[in-house]
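> Below is the file input_4.txt, with compact mmCIF, C-alpha atoms and all ligand atoms.
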```txt
# COMPACT_ATOMS: atom_id res chain seq x y z
CA MET J 20 128.52 155.53 70.00
CA LYS J 21 126.50 157.79 72.24
CA ASN J 22 123.55 157.19 69.97
CA LYS J 23 124.08 153.49 70.11
CA ILE J 24 123.99 153.60 73.90
CA SER J 25 120.75 155.52 74.07
CA GLU J 26 119.17 153.34 71.35
CA LEU J 27 120.11 150.28 73.28
CA LEU J 28 118.47 151.67 76.40
CA ASP J 29 115.35 152.58 74.46
CA SER J 30 115.02 149.19 72.89
CA LEU J 31 115.55 147.50 76.25
CA LYS J 32 112.81 149.66 77.78
CA GLN J 33 110.50 148.78 74.97
CA GLU J 34 111.15 145.06 75.05
CA VAL J 35 110.87 144.79 78.81
CA SER J 36 107.31 146.02 78.79
CA SER J 37 106.21 142.98 76.78
CA VAL J 38 107.93 140.43 79.03
CA GLN J 39 105.21 138.08 80.31
CA ASP J 40 107.00 135.19 81.95
CA LYS J 41 110.26 133.89 83.35
CA LYS J 42 111.39 132.45 80.05
CA MET J 43 111.05 135.78 78.25
CA LEU J 44 112.81 137.46 81.15
CA SER J 45 115.82 135.18 80.94
CA GLU J 46 115.97 135.68 77.17
CA LEU J 47 116.04 139.38 77.82
CA TRP J 48 118.92 138.91 80.24
CA GLN J 49 120.89 136.94 77.66
CA LYS J 50 120.22 139.51 74.98
CA TYR J 51 121.30 142.57 76.97
CA LEU J 52 123.14 141.64 80.13
CA GLY J 53 124.56 138.18 79.42
CA LYS J 54 128.24 137.57 78.54
CA LYS J 55 127.52 138.00 74.88
CA GLY J 56 124.72 140.49 75.39
CA ALA J 57 124.49 143.92 73.85
CA VAL J 58 125.84 145.73 76.93
CA SER J 59 128.94 143.54 77.04
CA GLU J 60 129.47 144.02 73.31
CA ILE J 61 129.33 147.77 73.65
CA LYS J 62 131.86 147.61 76.48
CA LYS J 63 134.24 145.86 74.16
CA GLU J 64 133.90 148.64 71.62
CA LEU J 65 135.19 151.09 74.18
CA GLY J 66 138.72 149.92 73.37
CA LYS J 67 138.37 151.22 69.87
CA VAL J 68 137.56 154.84 70.73
CA SER J 69 140.12 157.57 71.20
CA LYS J 70 141.71 158.26 74.56
CA GLU J 71 139.98 161.61 74.81
CA GLU J 72 136.53 160.21 74.30
CA ARG J 73 137.02 157.14 76.45
CA PRO J 74 136.36 158.52 79.99
CA ALA J 75 133.06 160.15 79.04
CA LEU J 76 131.90 157.16 77.05
CA GLY J 77 133.08 154.79 79.77
CA LYS J 78 130.92 156.64 82.25
CA LEU J 79 127.95 156.46 79.92
CA ILE J 80 128.44 152.75 79.40
CA ASN J 81 128.61 152.16 83.15
CA GLU J 82 125.40 154.08 83.59
CA LEU J 83 123.85 152.06 80.80
CA SER J 84 124.89 148.84 82.44
CA GLN J 85 123.48 149.97 85.78
CA LYS J 86 120.21 151.14 84.30
CA ALA J 87 119.81 147.96 82.26
CA GLU J 88 120.28 145.94 85.42
CA GLU J 89 117.72 148.07 87.29
CA ILE J 90 115.23 147.64 84.46
CA TYR J 91 115.80 143.91 84.53
CA ARG J 92 115.35 143.72 88.34
CA SER J 93 112.15 145.70 88.31
CA ALA J 94 110.75 143.45 85.55
CA GLU J 95 111.69 140.47 87.67
CA LYS J 96 109.83 141.98 90.65
CA ARG J 97 106.81 142.72 88.49
CA LEU J 98 106.66 139.08 87.37
CA GLU J 99 107.03 137.75 90.91
CA HIS J 100 104.26 140.01 92.10
CA ALA J 101 101.98 138.94 89.25
CA GLU J 102 102.68 135.29 90.04
CA LEU J 103 101.80 135.83 93.71
CA GLU J 104 98.56 137.56 92.75
CA ARG J 105 97.65 134.71 90.45
CA ARG J 106 98.27 132.11 93.17
CA ASN J 107 96.36 134.07 95.80
CA LYS J 108 93.40 134.23 93.48
CA GLU J 109 93.60 130.58 92.58
CA GLU J 110 93.97 129.36 96.16
CA ALA J 111 91.47 131.70 97.73
CA VAL J 112 88.80 130.07 99.90
CA ASP J 113 85.35 131.53 99.95
CA ILE J 114 84.71 131.70 103.67
CA THR J 115 81.11 132.76 103.09
CA LEU J 116 80.23 129.26 101.77
CA PRO J 117 78.21 127.16 104.25
CA ALA J 118 80.45 124.54 105.94
CA GLU J 119 79.96 120.85 105.26
CA LYS J 120 78.37 119.25 108.33
CA ILE J 121 80.46 116.55 109.97
CA PRO J 122 78.13 114.31 111.96
CA GLY J 123 79.27 113.99 115.58
CA GLY J 124 79.70 110.63 117.29
CA VAL J 125 77.15 109.20 119.69
CA LEU J 126 77.62 107.42 122.98
CA HIS J 127 77.40 103.65 122.82
CA PRO J 128 74.15 102.29 124.33
CA ILE J 129 76.20 100.53 127.03
CA SER J 130 77.79 103.87 127.97
CA ILE J 131 74.41 105.61 127.90
CA THR J 132 72.94 102.94 130.18
CA ARG J 133 75.95 102.97 132.52
CA ASN J 134 75.79 106.78 132.77
CA ASN J 135 72.05 106.70 133.46
CA MET J 136 72.56 104.08 136.16
CA ILE J 137 75.37 106.08 137.75
CA ASN J 138 73.19 109.18 137.69
CA VAL J 139 70.42 107.48 139.63
CA PHE J 140 72.82 106.10 142.26
CA ALA J 141 74.81 109.33 142.46
CA GLY J 142 71.54 110.95 143.54
CA MET J 143 71.57 108.57 146.53
CA GLY J 144 75.14 109.58 147.42
CA PHE J 145 77.16 106.71 145.91
CA GLU J 146 80.82 107.21 144.97
CA ILE J 147 82.54 105.49 142.01
CA PHE J 148 85.41 103.04 142.41
CA GLU J 149 87.09 101.13 139.57
CA GLY J 150 89.10 97.97 140.15
CA PRO J 151 91.43 96.02 137.83
CA GLU J 152 90.06 93.76 135.07
CA ILE J 153 92.83 91.24 135.69
CA GLU J 154 92.28 89.95 139.18
CA ASP J 155 93.68 87.30 141.46
CA ASP J 156 91.75 84.34 142.74
CA ASP J 157 91.83 85.78 146.24
CA HIS J 158 89.84 88.92 145.41
CA ASN J 159 87.61 87.34 142.76
CA PHE J 160 86.66 84.25 144.80
CA THR J 161 88.31 83.36 148.10
CA ARG J 162 87.72 86.50 150.11
CA LEU J 163 84.21 86.69 148.69
CA ASN J 164 83.57 83.49 150.59
CA VAL J 165 84.03 81.23 147.57
CA ALA J 166 86.64 78.82 148.93
CA ALA J 167 88.82 76.60 146.72
CA ASN J 168 86.82 73.61 145.47
CA HIS J 169 83.61 75.33 146.55
CA PRO J 170 80.91 74.24 144.09
CA ALA J 171 79.87 77.91 143.73
CA ARG J 172 82.98 78.41 141.56
CA ASP J 173 81.14 76.48 138.86
CA MET J 174 78.53 79.26 138.76
CA GLN J 175 81.00 81.29 136.73
CA ASP J 176 83.09 80.10 133.78
CA THR J 177 86.47 81.65 134.32
CA PHE J 178 89.19 82.76 131.90
CA TYR J 179 92.51 82.07 133.61
CA VAL J 180 95.55 84.14 132.65
CA ALA J 181 97.99 82.23 134.86
CA LYS J 182 97.72 80.14 138.00
CA ASP J 183 95.43 82.08 140.37
CA ILE J 184 95.34 85.06 137.99
CA LEU J 185 92.19 85.56 135.97
CA LEU J 186 89.95 87.99 134.10
CA ARG J 187 87.48 89.05 136.77
CA THR J 188 84.21 87.18 136.39
CA HIS J 189 82.23 89.88 138.18
CA THR J 190 82.70 93.33 139.71
CA SER J 191 82.30 91.89 143.24
CA PRO J 192 86.11 91.83 143.87
CA GLY J 193 85.69 95.63 143.85
CA GLN J 194 83.89 95.19 147.21
CA ILE J 195 87.02 93.64 148.72
CA ARG J 196 89.30 96.33 147.28
CA VAL J 197 87.08 99.11 148.62
CA MET J 198 86.80 97.59 152.10
CA ASP J 199 90.59 97.05 152.17
CA SER J 200 91.19 100.73 151.49
CA LYS J 201 88.35 102.42 153.35
CA LYS J 202 86.66 102.23 156.74
CA PRO J 203 82.83 102.35 156.98
CA PRO J 204 80.63 104.22 156.25
CA ILE J 205 81.03 102.99 152.67
CA LYS J 206 78.70 103.69 149.76
CA VAL J 207 80.29 102.84 146.41
CA LEU J 208 79.48 101.76 142.90
CA VAL J 209 81.97 99.67 140.93
CA PRO J 210 81.21 99.76 137.21
CA GLY J 211 83.36 97.82 134.75
CA SER J 212 84.00 95.04 132.26
CA VAL J 213 83.76 91.42 133.36
CA PHE J 214 84.59 88.20 131.50
CA ARG J 215 83.16 84.71 131.35
CA SER J 216 83.85 81.89 128.97
CA TYR J 217 80.26 81.57 127.85
CA SER J 218 78.14 83.06 125.09
CA ASP J 219 74.66 82.83 123.57
CA ALA J 220 71.95 85.30 122.51
CA THR J 221 71.90 86.96 125.92
CA HIS J 222 75.47 86.28 127.12
CA SER J 223 78.74 87.64 125.81
CA PRO J 224 82.27 86.60 126.93
CA ARG J 225 82.87 90.20 127.83
CA PHE J 226 80.11 92.24 129.40
CA HIS J 227 79.63 94.93 132.01
CA GLN J 228 78.40 95.04 135.55
CA MET J 229 77.69 97.65 138.16
CA GLU J 230 78.44 96.56 141.68
CA GLY J 231 76.98 98.38 144.65
CA LEU J 232 78.22 98.19 148.24
CA VAL J 233 76.96 99.98 151.33
CA VAL J 234 78.52 99.28 154.72
CA ASP J 235 77.43 101.10 157.84
CA LYS J 236 75.71 100.51 161.17
CA ASN J 237 72.25 98.91 160.97
CA ILE J 238 72.10 98.29 157.23
CA THR J 239 69.22 95.94 156.44
CA LEU J 240 67.44 94.29 153.53
CA CYS J 241 64.92 97.16 153.69
CA ASP J 242 67.68 99.59 152.73
CA LEU J 243 68.54 97.33 149.79
CA GLN J 244 64.96 97.17 148.60
CA GLY J 245 64.48 100.93 149.02
CA MET J 246 67.60 101.76 147.01
CA LEU J 247 66.87 99.26 144.26
CA ASP J 248 63.27 100.43 144.09
CA GLN J 249 64.50 103.94 143.46
CA PHE J 250 67.02 102.64 140.92
CA VAL J 251 64.47 100.77 138.77
CA LYS J 252 62.04 103.70 138.91
CA GLY J 253 64.84 105.98 137.70
CA ILE J 254 65.59 103.65 134.79
CA PHE J 255 62.24 102.13 133.79
CA GLY J 256 59.76 104.71 135.05
CA GLU J 257 57.85 105.67 138.19
CA ASP J 258 55.20 102.98 137.73
CA VAL J 259 57.41 99.91 138.09
CA LYS J 260 57.53 97.96 141.33
CA THR J 261 60.22 95.68 142.72
CA ARG J 262 59.96 92.21 144.18
CA LEU J 263 62.66 90.33 146.09
CA ARG J 264 62.94 86.57 145.74
CA PRO J 265 65.20 84.40 147.87
CA SER J 266 68.33 83.29 146.05
CA TYR J 267 71.88 82.14 146.71
CA PHE J 268 75.23 83.92 146.36
CA PRO J 269 78.22 82.89 148.48
CA PHE J 270 79.04 86.50 149.39
CA THR J 271 75.60 87.48 150.70
CA GLU J 272 73.29 86.03 153.34
CA PRO J 273 70.40 86.34 152.84
CA SER J 274 70.67 86.64 149.06
CA VAL J 275 67.95 87.91 146.79
CA GLU J 276 67.06 88.05 143.14
CA VAL J 277 65.33 91.34 142.27
CA ASP J 278 62.46 91.47 139.78
CA VAL J 279 60.69 94.52 138.36
CA SER J 280 57.06 94.53 137.35
CA CYS J 281 56.90 94.30 133.56
CA PHE J 282 57.08 97.83 132.14
CA GLU J 283 55.82 96.57 128.78
CA CYS J 284 52.47 95.13 129.88
CA GLY J 285 52.21 96.69 133.32
CA GLY J 286 52.26 93.26 134.94
CA LYS J 287 49.41 91.62 132.99
CA GLY J 288 51.74 89.20 131.20
CA CYS J 289 53.38 89.46 127.77
CA SER J 290 56.21 87.91 125.79
CA LEU J 291 58.84 90.20 127.37
CA CYS J 292 58.03 88.98 130.89
CA LYS J 293 57.33 85.46 129.65
CA HIS J 294 53.75 85.93 130.82
CA THR J 295 54.75 86.18 134.49
CA GLY J 296 54.29 89.93 134.88
CA TRP J 297 57.83 90.16 136.36
CA ILE J 298 61.34 90.56 134.89
CA GLU J 299 64.49 89.53 136.73
CA VAL J 300 66.99 92.39 136.72
CA LEU J 301 69.72 91.84 139.32
CA GLY J 302 71.10 90.02 142.33
CA GLY J 303 71.96 91.29 145.76
CA GLY J 304 71.78 90.68 149.46
CA ILE J 305 73.22 91.38 152.88
CA VAL J 306 77.01 91.11 152.86
CA HIS J 307 78.05 87.76 154.38
CA HIS J 308 79.71 88.20 157.81
CA SER J 309 82.73 86.23 156.54
CA VAL J 310 83.27 88.76 153.75
CA LEU J 311 83.25 91.63 156.26
CA GLU J 312 85.64 89.70 158.49
CA ASN J 313 87.92 88.97 155.52
CA CYS J 314 88.29 92.73 155.15
CA GLY J 315 88.84 93.45 158.84
CA ILE J 316 85.36 94.85 159.47
CA ASP J 317 83.59 93.68 162.62
CA PRO J 318 80.22 92.16 161.61
CA ASN J 319 78.91 92.75 165.12
CA GLU J 320 79.35 96.46 164.68
CA TYR J 321 78.66 96.90 160.99
CA SER J 322 76.46 95.36 158.35
CA GLY J 323 76.38 95.82 154.62
CA LEU J 324 74.27 95.44 151.53
CA ALA J 325 75.55 94.58 148.08
CA PHE J 326 74.15 94.17 144.62
CA GLY J 327 75.38 93.40 141.12
CA ILE J 328 73.61 94.61 138.00
CA GLY J 329 74.31 93.50 134.42
CA ILE J 330 74.55 96.68 132.35
CA GLU J 331 73.80 94.90 129.04
CA ARG J 332 70.75 93.28 130.62
CA ILE J 333 69.38 96.69 131.60
CA ALA J 334 70.21 98.16 128.16
CA MET J 335 68.56 95.23 126.35
CA LEU J 336 65.40 95.54 128.44
CA LYS J 337 65.29 99.30 128.16
CA TYR J 338 65.81 99.46 124.40
CA GLY J 339 64.15 96.16 123.42
CA ILE J 340 67.35 94.59 122.07
CA ASN J 341 66.98 90.83 121.73
CA ASN J 342 70.53 89.80 120.87
CA ILE J 343 73.50 90.87 122.98
CA SER J 344 75.88 90.62 120.02
CA LEU J 345 74.30 93.77 118.56
CA LEU J 346 75.91 95.63 121.46
CA PHE J 347 79.38 94.40 120.49
CA GLU J 348 79.34 94.34 116.68
CA ASN J 349 79.41 98.13 116.52
CA ASP J 350 77.40 98.30 113.32
CA LEU J 351 76.88 102.03 112.74
CA ARG J 352 73.31 101.46 111.50
CA PHE J 353 72.52 100.10 114.96
CA LEU J 354 74.54 102.63 116.95
CA GLU J 355 73.16 105.64 115.01
CA GLN J 356 69.75 104.95 116.54
CA PHE J 357 71.02 106.08 119.93
CA ARG J 358 71.57 109.67 118.78
CA ASP J 359 69.35 111.90 120.91
N1 LIG O 1 78.52 88.89 141.40
C1 LIG O 1 77.25 88.35 141.03
C2 LIG O 1 77.30 87.84 139.60
O1 LIG O 1 78.17 88.14 138.91
C3 LIG O 1 76.19 89.39 141.14
C4 LIG O 1 75.93 89.79 142.53
C5 LIG O 1 74.98 89.13 143.29
C6 LIG O 1 76.67 90.78 143.12
C7 LIG O 1 74.75 89.45 144.59
C8 LIG O 1 76.44 91.13 144.44
C9 LIG O 1 75.48 90.44 145.16
O2 LIG O 1 77.10 92.07 145.06
O3 LIG O 1 75.24 90.79 146.46
O4 LIG O 1 76.40 87.15 139.21
```
In structure tokens, how does this file's structure come out?

Amino acid sequence: MKNKISELLDSLKQEVSSVQDKKMLSELWQKYLGKKGAVSEIKKELGKVSKEERPALGKLINELSQKAEEIYRSAEKRLEHAELERRNKEEAVDITLPAEKIPGGVLHPISITRNNMINVFAGMGFEIFEGPEIEDDDHNFTRLNVAANHPARDMQDTFYVAKDILLRTHTSPGQIRVMDSKKPPIKVLVPGSVFRSYSDATHSPRFHQMEGLVVDKNITLCDLQGMLDQFVKGIFGEDVKTRLRPSYFPFTEPSVEVDVSCFECGGKGCSLCKHTGWIEVLGGGIVHHSVLENCGIDPNEYSGLAFGIGIERIAMLKYGINNISLLFENDLRFLEQFRD
């Protein structure tokens, strides 16, 4: 029996070395350590030996059983380790490979233009204020000197949300909100989206404006022209000139339309300036005394200048875009061109 025990151990040692996978390992378990395995069988035989031999043999069998189990466990560990190695190899990433380039996004031309405009005005000391896109009639019209039934209301096609609540048709209500919250001196820009129920090649129902408002003592039309002159030079180049033409807005008196000399032909006349040498870029004027009064500012003490610039208009002129819808379709082939 002693021989049998040591043979069994030898054959187990031999077989275990050729175990390659989990299936072979479990077969090995069945064969040696399972209920009907060789170790269990040999235990049963212990009953047949004489009383004298039994303790010694029993001890040997226990040792055999322990050793067999150890051999099995170490084979199991060896397989687990091999499996881990295999997976590490398979899943390894070669970090020396060059990375795939992910192209970054670009700013939308409207954002680029807005940022450029803000930069120029920031250089003149303007602060930024942003008002709500949903406005009430009071801020959008009435306090800007556009009374109910005033024909000037027809100048703007309004989207109404509810009675007296509307999508702002311009950034001018920002003037009222600033003057309500701040005493002069005031020097603010109000950029933002505005909405009008009208569209064609150069008009979109949603577009963007940049309002400017300066209120202080002795503000005149000269200040307006000086600031706007600097603005157009900053956007279109040092060579352009400005020209003020009389116009009408209910919230300014006098009101002006501002033209720049054509930066395409230098003023000689071309298709961009419709052969006039001048391009209309924005509206402005001296803040109407009623508007100042509506905000509790004494027009005898203070005066103000205001202007409103269409951001899309500036972008279209600057980049030679002839249809405003290109700015809203967000076709990547168009937008990609604004990568710098
Ligand atoms: N709010 C005007 C518009 O939407 C633009 C404008 C004109 C704004 C004159 C002004 C201004 O502040 O003084 O057409």
> Using only C-alpha atoms and all ligand atoms, which residue out of J:Ser212, J:Thr188, J:Ser290, J:Gln249 lies closest to ligand LIG 1 (chain O)?
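The shortest atom-to-atom distance to ligand LIG 1 (chain O) comes from J:Thr188.
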> Give me the residues within 12 Å of Asn237 in chain J as an MDAnalysis selection string, counting all atoms listed in the file and dropping any in the same chain fewer than 3 places off.
chainID J and resid 203:204 233:234 240:243 305 318:324
> At a cut-off of 10 Å and counting all atoms listed in the file, what residues surround ligand LIG 1 (chain O)? Please answer as a PyMOL selection string.
chain J and resi 159-160+163+174-175+187-194+209+213-215+227-232+243+266-277+301-307+323-329
> Limited to C-alpha atoms, could you put the picked residues into a file as a PDB file, keeping the file's coordinate frame?

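result-v1.pdb was written with the following content:
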```
ATOM      1  CA  ASN J 159      87.610  87.340 142.760  1.00  0.00           C
ATOM      2  CA  PHE J 160      86.660  84.250 144.800  1.00  0.00           C
ATOM      3  CA  LEU J 163      84.210  86.690 148.690  1.00  0.00           C
ATOM      4  CA  MET J 174      78.530  79.260 138.760  1.00  0.00           C
ATOM      5  CA  GLN J 175      81.000  81.290 136.730  1.00  0.00           C
ATOM      6  CA  ARG J 187      87.480  89.050 136.770  1.00  0.00           C
ATOM      7  CA  THR J 188      84.210  87.180 136.390  1.00  0.00           C
ATOM      8  CA  HIS J 189      82.230  89.880 138.180  1.00  0.00           C
ATOM      9  CA  THR J 190      82.700  93.330 139.710  1.00  0.00           C
ATOM     10  CA  SER J 191      82.300  91.890 143.240  1.00  0.00           C
ATOM     11  CA  PRO J 192      86.110  91.830 143.870  1.00  0.00           C
ATOM     12  CA  GLY J 193      85.690  95.630 143.850  1.00  0.00           C
ATOM     13  CA  GLN J 194      83.890  95.190 147.210  1.00  0.00           C
ATOM     14  CA  VAL J 209      81.970  99.670 140.930  1.00  0.00           C
ATOM     15  CA  VAL J 213      83.760  91.420 133.360  1.00  0.00           C
ATOM     16  CA  PHE J 214      84.590  88.200 131.500  1.00  0.00           C
ATOM     17  CA  ARG J 215      83.160  84.710 131.350  1.00  0.00           C
ATOM     18  CA  HIS J 227      79.630  94.930 132.010  1.00  0.00           C
ATOM     19  CA  GLN J 228      78.400  95.040 135.550  1.00  0.00           C
ATOM     20  CA  MET J 229      77.690  97.650 138.160  1.00  0.00           C
ATOM     21  CA  GLU J 230      78.440  96.560 141.680  1.00  0.00           C
ATOM     22  CA  GLY J 231      76.980  98.380 144.650  1.00  0.00           C
ATOM     23  CA  LEU J 232      78.220  98.190 148.240  1.00  0.00           C
ATOM     24  CA  LEU J 243      68.540  97.330 149.790  1.00  0.00           C
ATOM     25  CA  SER J 266      68.330  83.290 146.050  1.00  0.00           C
ATOM     26  CA  TYR J 267      71.880  82.140 146.710  1.00  0.00           C
ATOM     27  CA  PHE J 268      75.230  83.920 146.360  1.00  0.00           C
ATOM     28  CA  PRO J 269      78.220  82.890 148.480  1.00  0.00           C
ATOM     29  CA  PHE J 270      79.040  86.500 149.390  1.00  0.00           C
ATOM     30  CA  THR J 271      75.600  87.480 150.700  1.00  0.00           C
ATOM     31  CA  GLU J 272      73.290  86.030 153.340  1.00  0.00           C
ATOM     32  CA  PRO J 273      70.400  86.340 152.840  1.00  0.00           C
ATOM     33  CA  SER J 274      70.670  86.640 149.060  1.00  0.00           C
ATOM     34  CA  VAL J 275      67.950  87.910 146.790  1.00  0.00           C
ATOM     35  CA  GLU J 276      67.060  88.050 143.140  1.00  0.00           C
ATOM     36  CA  VAL J 277      65.330  91.340 142.270  1.00  0.00           C
ATOM     37  CA  LEU J 301      69.720  91.840 139.320  1.00  0.00           C
ATOM     38  CA  GLY J 302      71.100  90.020 142.330  1.00  0.00           C
ATOM     39  CA  GLY J 303      71.960  91.290 145.760  1.00  0.00           C
ATOM     40  CA  GLY J 304      71.780  90.680 149.460  1.00  0.00           C
ATOM     41  CA  ILE J 305      73.220  91.380 152.880  1.00  0.00           C
ATOM     42  CA  VAL J 306      77.010  91.110 152.860  1.00  0.00           C
ATOM     43  CA  HIS J 307      78.050  87.760 154.380  1.00  0.00           C
ATOM     44  CA  GLY J 323      76.380  95.820 154.620  1.00  0.00           C
ATOM     45  CA  LEU J 324      74.270  95.440 151.530  1.00  0.00           C
ATOM     46  CA  ALA J 325      75.550  94.580 148.080  1.00  0.00           C
ATOM     47  CA  PHE J 326      74.150  94.170 144.620  1.00  0.00           C
ATOM     48  CA  GLY J 327      75.380  93.400 141.120  1.00  0.00           C
ATOM     49  CA  ILE J 328      73.610  94.610 138.000  1.00  0.00           C
ATOM     50  CA  GLY J 329      74.310  93.500 134.420  1.00  0.00           C
TER      51      GLY J 329
END
```
> Using all atoms listed in the file, find the one residue out of J:Leu185, J:Tyr91, J:Gly211, J:Cys284 that sits nearest to Arg133 in chain J.
J:Gly211
> Between J:Val165, J:Leu346, J:Leu186, J:Ile129, which is the closest to Ile333 in chain J once you count all atoms listed in the file?
J:Ile129
> Around (65.2, 98.2, 144.6) in the file's own coordinates, what residues are found within 9 Å if you use only C-alpha atoms, given back as a PyMOL selection string?
chain J and resi 242-252+260-263+277-279
> Select, from J:Glu312, J:Ile298, J:Ala334, J:Ala166, the residue with the minimum atom-to-atom distance to Met136 in chain J, counting all atoms listed in the file.
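Going through J:Glu312, J:Ile298, J:Ala334, J:Ala166 one by one, the smallest distance to Met136 in chain J is for J:Ala334.
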> Of the candidates J:Gly285, J:Gly315, J:Gly124, J:Gly296, which shows the shortest atom-to-atom distance to Ile195 in chain J, using only C-alpha atoms?
J:Gly315
> Quick one: residues within 12 Å of Tyr217 in chain J, only C-alpha atoms counted, chain neighbours fewer than 5 positions away excluded, as a PyMOL selection string?
chain J and resi 174-178+188+222-226
> Next, dump the selected residues to file, keeping only C-alpha atoms, as a compact mmCIF listing (two decimals), in the coordinates of the input.

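Listing of again.txt after writing:
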```
# COMPACT_ATOMS: atom_id res chain seq x y z
CA MET J 174 78.53 79.26 138.76
CA GLN J 175 81.00 81.29 136.73
CA ASP J 176 83.09 80.10 133.78
CA THR J 177 86.47 81.65 134.32
CA PHE J 178 89.19 82.76 131.90
CA THR J 188 84.21 87.18 136.39
CA HIS J 222 75.47 86.28 127.12
CA SER J 223 78.74 87.64 125.81
CA PRO J 224 82.27 86.60 126.93
CA ARG J 225 82.87 90.20 127.83
CA PHE J 226 80.11 92.24 129.40
```
> For CA of Ala101 in chain J and CA of Asp40 in chain J, quote the distance in Å rounded to one decimal.
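Taking CA of Ala101 in chain J as the start and CA of Asp40 in chain J as the end point, the length is 9.6 Å.
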> So the first atom is CA of Glu146 in chain J and the second is CA of Leu208 in chain J; what is the distance between them in Å, to one decimal place?
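CA of Leu208 in chain J lies at a distance of 6.0 Å from CA of Glu146 in chain J.
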> Give me the residues near Ile24 in chain J as a CSV table (one decimal) with C-alpha atoms, in the coordinates of the input, where near means some atom within 10 Å (using only C-alpha atoms) and where sequence neighbours in that chain fewer than 3 positions away do not count.

```csv
chain,number,residue,atom,x,y,z
J,20,MET,CA,128.5,155.5,70.0
J,21,LYS,CA,126.5,157.8,72.2
J,27,LEU,CA,120.1,150.3,73.3
J,28,LEU,CA,118.5,151.7,76.4
J,29,ASP,CA,115.4,152.6,74.5
J,57,ALA,CA,124.5,143.9,73.8
J,58,VAL,CA,125.8,145.7,76.9
J,61,ILE,CA,129.3,147.8,73.6
J,76,LEU,CA,131.9,157.2,77.0
J,79,LEU,CA,128.0,156.5,79.9
J,80,ILE,CA,128.4,152.8,79.4
J,82,GLU,CA,125.4,154.1,83.6
J,83,LEU,CA,123.8,152.1,80.8
J,84,SER,CA,124.9,148.8,82.4
```
> What is the distance, in Å and to one decimal place, between CA of Val35 in chain J and CA of Glu102 in chain J?
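About the pair CA of Val35 in chain J and CA of Glu102 in chain J: they are 16.8 Å apart.
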> So, with all atoms listed in the file as the atoms that count, which of J:Pro117, J:Pro151, J:Gly288, J:Gly56 lies closest to Ala87 in chain J?
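When distances to Ala87 in chain J are compared using all atoms listed in the file, the smallest one comes from J:Gly56.
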> Kindly reconstruct range 182-195 of chain J with N, CA and C atoms and present the result as a compact mmCIF listing (two decimals), in the coordinates of the input.

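Saved as rebuild-v9.txt:
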```txt
# COMPACT_ATOMS: atom_id res chain seq x y z
N LYS J 182 98.24 80.81 136.81
CA LYS J 182 97.72 80.14 138.00
C LYS J 182 97.26 81.23 139.00
N ASP J 183 96.01 81.14 139.40
CA ASP J 183 95.43 82.08 140.37
C ASP J 183 95.30 83.51 139.86
N ILE J 184 95.54 83.73 138.57
CA ILE J 184 95.34 85.06 137.99
C ILE J 184 94.29 84.90 136.89
N LEU J 185 93.30 85.76 136.90
CA LEU J 185 92.19 85.56 135.97
C LEU J 185 91.58 86.89 135.53
N LEU J 186 90.74 86.81 134.49
CA LEU J 186 89.95 87.99 134.10
C LEU J 186 88.75 87.99 135.05
N ARG J 187 88.52 89.08 135.74
CA ARG J 187 87.48 89.05 136.77
C ARG J 187 86.15 88.60 136.17
N THR J 188 85.47 87.73 136.90
CA THR J 188 84.21 87.18 136.39
C THR J 188 83.03 88.03 136.82
N HIS J 189 83.28 88.96 137.71
CA HIS J 189 82.23 89.88 138.18
C HIS J 189 82.90 91.11 138.81
N THR J 190 82.10 92.13 139.11
CA THR J 190 82.70 93.33 139.71
C THR J 190 82.77 93.20 141.24
N SER J 191 82.30 92.06 141.78
CA SER J 191 82.30 91.89 143.24
C SER J 191 83.68 92.01 143.89
N PRO J 192 84.81 91.60 143.22
CA PRO J 192 86.11 91.83 143.87
C PRO J 192 86.33 93.31 144.21
N GLY J 193 85.62 94.20 143.53
CA GLY J 193 85.69 95.63 143.85
C GLY J 193 85.27 95.88 145.29
N GLN J 194 84.33 95.05 145.80
CA GLN J 194 83.89 95.19 147.21
C GLN J 194 85.08 95.02 148.14
N ILE J 195 85.86 93.96 147.86
CA ILE J 195 87.02 93.64 148.72
C ILE J 195 88.03 94.79 148.67
```
